[in-house]
$ cat work_15.cif   # mmCIF, C-alpha atoms
data_final
#
loop_
_atom_site.group_PDB
_atom_site.id
_atom_site.type_symbol
_atom_site.label_atom_id
_atom_site.label_comp_id
_atom_site.auth_asym_id
_atom_site.auth_seq_id
_atom_site.Cartn_x
_atom_site.Cartn_y
_atom_site.Cartn_z
ATOM 1 C CA MET M 1 0.000 0.000 0.000
ATOM 2 C CA LEU M 2 2.732 2.452 0.988
ATOM 3 C CA ARG M 3 4.903 1.725 -2.035
ATOM 4 C CA ASN M 4 1.955 1.986 -4.416
ATOM 5 C CA ALA M 5 0.861 5.289 -2.875
ATOM 6 C CA ILE M 6 4.388 6.703 -3.168
ATOM 7 C CA ASP M 7 4.733 5.388 -6.719
ATOM 8 C CA GLN M 8 1.430 6.889 -7.847
ATOM 9 C CA HIS M 9 2.269 10.167 -6.148
ATOM 10 C CA TYR M 10 5.609 10.534 -7.910
ATOM 11 C CA ILE M 11 4.270 9.332 -11.260
ATOM 12 C CA ALA M 12 1.885 12.296 -11.088
ATOM 13 C CA HIS M 13 4.407 14.686 -9.519
ATOM 14 C CA PHE M 14 7.117 14.050 -12.122
ATOM 15 C CA ASN M 15 4.668 13.174 -14.925
ATOM 16 C CA ASP M 16 6.832 10.108 -15.474
ATOM 17 C CA ALA M 17 5.850 6.435 -15.098
ATOM 18 C CA ASP M 18 9.571 5.577 -14.984
ATOM 19 C CA TRP M 19 10.343 8.141 -12.281
ATOM 20 C CA ILE M 20 12.474 5.767 -10.162
ATOM 21 C CA TYR M 21 14.961 5.168 -12.968
ATOM 22 C CA HIS M 22 15.092 8.836 -13.912
ATOM 23 C CA GLN M 23 15.378 10.084 -10.315
ATOM 24 C CA LEU M 24 18.321 7.734 -9.699
ATOM 25 C CA GLN M 25 20.275 9.561 -12.406
ATOM 26 C CA SER M 26 22.605 12.515 -11.894
ATOM 27 C CA GLY M 27 20.575 15.482 -10.676
ATOM 28 C CA GLY M 28 17.639 13.328 -9.608
ATOM 29 C CA MET M 29 16.218 13.265 -6.116
ATOM 30 C CA LEU M 30 17.631 9.761 -5.578
ATOM 31 C CA GLU M 31 21.078 10.426 -7.022
ATOM 32 C CA HIS M 32 22.709 10.015 -3.597
ATOM 33 C CA SER M 33 20.342 7.353 -2.266
ATOM 34 C CA PRO M 34 22.009 4.467 -0.431
ATOM 35 C CA HIS M 35 19.835 2.280 -2.694
ATOM 36 C CA GLN M 36 21.004 3.853 -5.961
ATOM 37 C CA HIS M 37 23.708 1.343 -6.887
ATOM 38 C CA ASP M 38 21.657 -1.783 -6.131
ATOM 39 C CA THR M 39 18.521 -0.431 -7.793
ATOM 40 C CA LEU M 40 20.388 0.561 -10.963
ATOM 41 C CA ASN M 41 22.037 -2.880 -11.025
ATOM 42 C CA ASP M 42 18.612 -4.523 -10.687
ATOM 43 C CA ILE M 43 17.263 -2.372 -13.523
ATOM 44 C CA THR M 44 20.256 -3.245 -15.726
ATOM 45 C CA ALA M 45 19.682 -6.957 -15.052
ATOM 46 C CA MET M 46 15.975 -6.644 -15.881
ATOM 47 C CA VAL M 47 16.765 -4.834 -19.135
ATOM 48 C CA ALA M 48 19.343 -7.485 -20.077
ATOM 49 C CA LYS M 49 16.730 -10.218 -19.566
ATOM 50 C CA GLY M 50 14.084 -8.267 -21.471
ATOM 51 C CA LYS M 51 11.950 -8.127 -18.302
ATOM 52 C CA TYR M 52 12.168 -4.421 -17.443
ATOM 53 C CA THR M 53 9.066 -2.449 -16.598
ATOM 54 C CA PRO M 54 8.682 0.412 -14.114
ATOM 55 C CA ASP M 55 6.177 -1.734 -12.188
ATOM 56 C CA LYS M 56 8.778 -4.494 -11.772
ATOM 57 C CA VAL M 57 11.162 -1.934 -10.309
ATOM 58 C CA VAL M 58 8.477 -0.769 -7.867
ATOM 59 C CA ALA M 59 7.937 -4.376 -6.778
ATOM 60 C CA SER M 60 11.652 -5.156 -6.517
ATOM 61 C CA VAL M 61 12.938 -2.380 -4.273
ATOM 62 C CA SER M 62 13.075 -2.803 -0.518
ATOM 63 C CA PHE M 63 10.908 -1.281 2.175
ATOM 64 C CA GLY M 64 14.020 0.712 3.101
ATOM 65 C CA PHE M 65 13.951 2.296 -0.353
ATOM 66 C CA TRP M 66 10.419 3.529 0.286
ATOM 67 C CA THR M 67 11.105 4.798 3.799
ATOM 68 C CA TYR M 68 14.168 6.643 2.446
ATOM 69 C CA MET M 69 11.726 8.859 0.507
ATOM 70 C CA PHE M 70 10.881 10.506 3.817
ATOM 71 C CA THR M 71 14.450 11.563 4.599
ATOM 72 C CA LYS M 72 15.456 15.197 4.230
ATOM 73 C CA VAL M 73 17.038 15.257 0.750
ATOM 74 C CA PRO M 74 14.476 13.269 -1.284
ATOM 75 C CA PHE M 75 11.676 14.954 0.656
ATOM 76 C CA ARG M 76 13.020 18.379 -0.348
ATOM 77 C CA LEU M 77 13.981 17.439 -3.925
ATOM 78 C CA GLY M 78 10.651 15.665 -4.393
ATOM 79 C CA GLY M 79 8.828 18.936 -3.831
ATOM 80 C CA GLN M 80 7.992 18.316 -0.153
ATOM 81 C CA SER M 81 4.694 16.906 -1.359
ATOM 82 C CA ILE M 82 4.925 13.213 -0.451
ATOM 83 C CA LEU M 83 2.961 13.710 2.771
ATOM 84 C CA GLN M 84 -0.089 14.185 0.527
ATOM 85 C CA ILE M 85 -0.305 10.392 0.229
ATOM 86 C CA PHE M 86 -1.441 10.299 3.857
ATOM 87 C CA THR M 87 -4.952 11.605 3.354
ATOM 88 C CA GLY M 88 -5.943 10.582 6.887
ATOM 89 C CA ARG M 89 -2.810 11.947 8.566
ATOM 90 C CA GLN M 90 -2.984 13.658 11.942
ATOM 91 C CA THR M 91 -2.537 17.416 11.797
ATOM 92 C CA GLY M 92 0.943 18.454 12.807
ATOM 93 C CA LEU M 93 2.618 15.141 12.014
ATOM 94 C CA GLY M 94 5.491 16.100 9.741
ATOM 95 C CA GLN M 95 8.175 14.515 7.615
ATOM 96 C CA LYS M 96 10.630 13.779 10.447
ATOM 97 C CA ALA M 97 8.036 12.159 12.699
ATOM 98 C CA ILE M 98 6.655 10.088 9.831
ATOM 99 C CA PHE M 99 10.153 8.943 8.863
ATOM 100 C CA LYS M 100 10.851 7.944 12.468
ATOM 101 C CA GLU M 101 7.632 5.926 12.716
ATOM 102 C CA LEU M 102 8.198 4.263 9.336
ATOM 103 C CA GLN M 103 11.678 3.281 10.546
ATOM 104 C CA GLN M 104 10.051 1.708 13.595
ATOM 105 C CA ILE M 105 7.692 -0.267 11.336
ATOM 106 C CA LYS M 106 10.658 -1.269 9.176
ATOM 107 C CA ALA M 107 12.571 -2.544 12.210
ATOM 108 C CA PHE M 108 9.524 -4.559 13.320
ATOM 109 C CA ARG M 109 9.065 -5.956 9.807
ATOM 110 C CA ASN M 110 12.743 -6.932 9.686
ATOM 111 C CA ARG M 111 12.502 -8.737 13.036
ATOM 112 C CA ILE M 112 9.615 -10.786 11.668
ATOM 113 C CA ALA M 113 11.335 -11.412 8.325
ATOM 114 C CA HIS M 114 14.488 -12.618 10.094
ATOM 115 C CA HIS M 115 12.481 -14.803 12.493
ATOM 116 C CA ASP M 116 13.584 -12.785 15.505
ATOM 117 C CA PRO M 117 11.361 -12.959 18.579
ATOM 118 C CA ILE M 118 8.788 -10.190 18.958
ATOM 119 C CA CYS M 119 7.115 -11.301 22.180
ATOM 120 C CA PHE M 120 9.750 -10.439 24.789
ATOM 121 C CA ASP M 121 10.619 -7.234 26.606
ATOM 122 C CA ALA M 122 14.129 -5.799 27.035
ATOM 123 C CA THR M 123 14.778 -8.093 30.023
ATOM 124 C CA GLY M 124 13.766 -11.234 28.132
ATOM 125 C CA ARG M 125 10.411 -11.653 29.841
ATOM 126 C CA LYS M 126 7.427 -12.618 27.715
ATOM 127 C CA SER M 127 5.502 -9.527 26.699
ATOM 128 C CA MET M 128 3.074 -8.602 23.944
ATOM 129 C CA VAL M 129 3.739 -4.868 24.313
ATOM 130 C CA TYR M 130 6.337 -4.609 21.519
ATOM 131 C CA ALA M 131 4.183 -6.514 19.020
ATOM 132 C CA GLN M 132 0.989 -4.708 20.020
ATOM 133 C CA THR M 133 2.653 -1.287 19.847
ATOM 134 C CA ASN M 134 3.984 -1.929 16.368
ATOM 135 C CA TYR M 135 0.740 -3.492 15.187
ATOM 136 C CA ALA M 136 -1.085 -0.357 16.339
ATOM 137 C CA LEU M 137 1.454 1.765 14.447
ATOM 138 C CA ILE M 138 0.870 -0.250 11.271
ATOM 139 C CA LEU M 139 -2.890 0.206 11.670
ATOM 140 C CA LYS M 140 -2.306 3.945 12.119
ATOM 141 C CA TYR M 141 -0.508 4.159 8.772
ATOM 142 C CA ILE M 142 -3.166 2.042 7.069
ATOM 143 C CA ALA M 143 -5.655 4.689 8.197
ATOM 144 C CA PHE M 144 -3.307 7.525 7.197
ATOM 145 C CA LEU M 145 -3.241 6.062 3.681
ATOM 146 C CA GLY M 146 -7.026 6.314 3.602
ATOM 147 C CA TYR M 147 -7.876 2.633 4.047
ATOM 148 C CA ASP M 148 -10.439 1.230 6.444
ATOM 149 C CA LYS M 149 -8.580 -1.355 8.534
ATOM 150 C CA ASP M 150 -11.726 -3.398 9.116
ATOM 151 C CA ASP M 151 -12.392 -3.721 5.383
ATOM 152 C CA LEU M 152 -8.739 -4.320 4.566
ATOM 153 C CA LEU M 153 -8.138 -6.948 7.238
ATOM 154 C CA PHE M 154 -11.554 -8.615 7.115
ATOM 155 C CA GLY M 155 -11.046 -12.307 7.814
ATOM 156 C CA LEU M 156 -7.402 -11.837 8.823
ATOM 157 C CA ASP M 157 -7.567 -9.932 12.074
ATOM 158 C CA VAL M 158 -10.265 -12.069 13.661
ATOM 159 C CA MET M 159 -9.372 -12.195 17.356
ATOM 160 C CA PRO M 160 -11.470 -9.850 19.434
ATOM 161 C CA ASP M 161 -9.505 -7.270 21.402
ATOM 162 C CA ALA M 162 -10.765 -8.809 24.655
ATOM 163 C CA VAL M 163 -9.156 -12.167 23.754
ATOM 164 C CA ILE M 164 -5.889 -10.474 22.812
ATOM 165 C CA ASP M 165 -5.925 -8.581 26.111
ATOM 166 C CA LEU M 166 -6.460 -11.838 28.044
ATOM 167 C CA MET M 167 -3.581 -13.479 26.169
ATOM 168 C CA ALA M 168 -1.339 -10.542 26.972
ATOM 169 C CA GLU M 169 -2.291 -10.727 30.662
ATOM 170 C CA GLU M 170 -1.480 -14.453 30.716
ATOM 171 C CA ILE M 171 1.893 -13.893 29.080
ATOM 172 C CA GLU M 172 2.684 -11.037 31.450
ATOM 173 C CA GLY M 173 1.865 -13.323 34.397
ATOM 174 C CA LEU M 174 4.267 -16.092 33.321
#

$ encode --input "work_15.cif" --output "structure tokens"
Amino acid sequence: MLRNAIDQHYIAHFNDADWIYHQLQSGGMLEHSPHQHDTLNDITAMVAKGKYTPDKVVASVSFGFWTYMFTKVPFRLGGQSILQIFTGRQTGLGQKAIFKELQQIKAFRNRIAHHDPICFDATGRKSMVYAQTNYALILKYIAFLGYDKDDLLFGLDVMPDAVIDLMAEEIEGL
């Protein structure tokens, strides 16, 4: 959802369906991106295989690539307009705060992707707080992007809050 919103925003902003490739070039907003080298290599490989499309690039870049869009330089060079994708955003929540929260979501996502535990506190005791806090943050950004979480997660997020609270209390008591 986030990547598609950013992609659609910059397609319109730059009037360019291939904006990622062009913005990675000299003078582009992503010229100094830490993802520039790898992304250009991926594009070159796709072209060599005859498989290149801008949509394939969008699908191939990392979550870190997308969160980088909220750092100072691309935010400024991109016209400081990317926050428009968050149609449900809280008033007063700016670029720096959004970047910080997206980094928190990225760290949580990486813990899950690397099979790291997410149900322990800093002392090693079982705790649902970390997972619940990050889940709430993800739901916040789903809403910021203009989606209804209940419609989006229908059939997936099926445990009632009361059951989750009881589970958390049990874990805390262990």

$ resolve_selection --input "work_15.cif" --expression "the PyMOL selection byres ((chain M and resi 68) around 12)" --output "PyMOL selection string"
chain M and resi 3+6+29-30+32-36+61-67+69-75+78+82+95-96+98-100+102-103+106

$ closest_atom_pairs --input "work_15.cif" --of "stretch 39-153 of chain M" --to "stretch 7-23 of chain M" --cutoff "9 Å" --atoms "all atoms listed in the file" --output "Markdown table"
| residue | atom | partner | partner_atom | distance |
| --- | --- | --- | --- | --- |
| M:Thr39 | CA | M:Tyr21 | CA | 8.4 |
| M:Leu40 | CA | M:Tyr21 | CA | 7.4 |
| M:Ile43 | CA | M:Tyr21 | CA | 7.9 |
| M:Thr53 | CA | M:Asp18 | CA | 8.2 |
| M:Pro54 | CA | M:Asp18 | CA | 5.3 |
| M:Asp55 | CA | M:Asp18 | CA | 8.5 |
| M:Val57 | CA | M:Ile20 | CA | 7.8 |
| M:Val58 | CA | M:Asp7 | CA | 7.3 |
| M:Gly78 | CA | M:Tyr10 | CA | 8.0 |
| M:Gly79 | CA | M:His13 | CA | 8.4 |
| M:Ser81 | CA | M:His13 | CA | 8.5 |
| M:Ile82 | CA | M:His9 | CA | 7.0 |
| M:Gln84 | CA | M:His9 | CA | 8.1 |
| M:Ile85 | CA | M:His9 | CA | 6.9 |

$ atom_distance --input "work_15.cif" --atom1 "atom CA of M:Leu152" --atom2 "atom CA of M:Lys140"
12.9 Å

$ closest_residue --input "work_15.cif" --among "M:Tyr141, M:Phe154, M:Tyr147, M:Tyr52" --to "M:Ile105" --atoms "only C-alpha atoms"
M:Tyr141
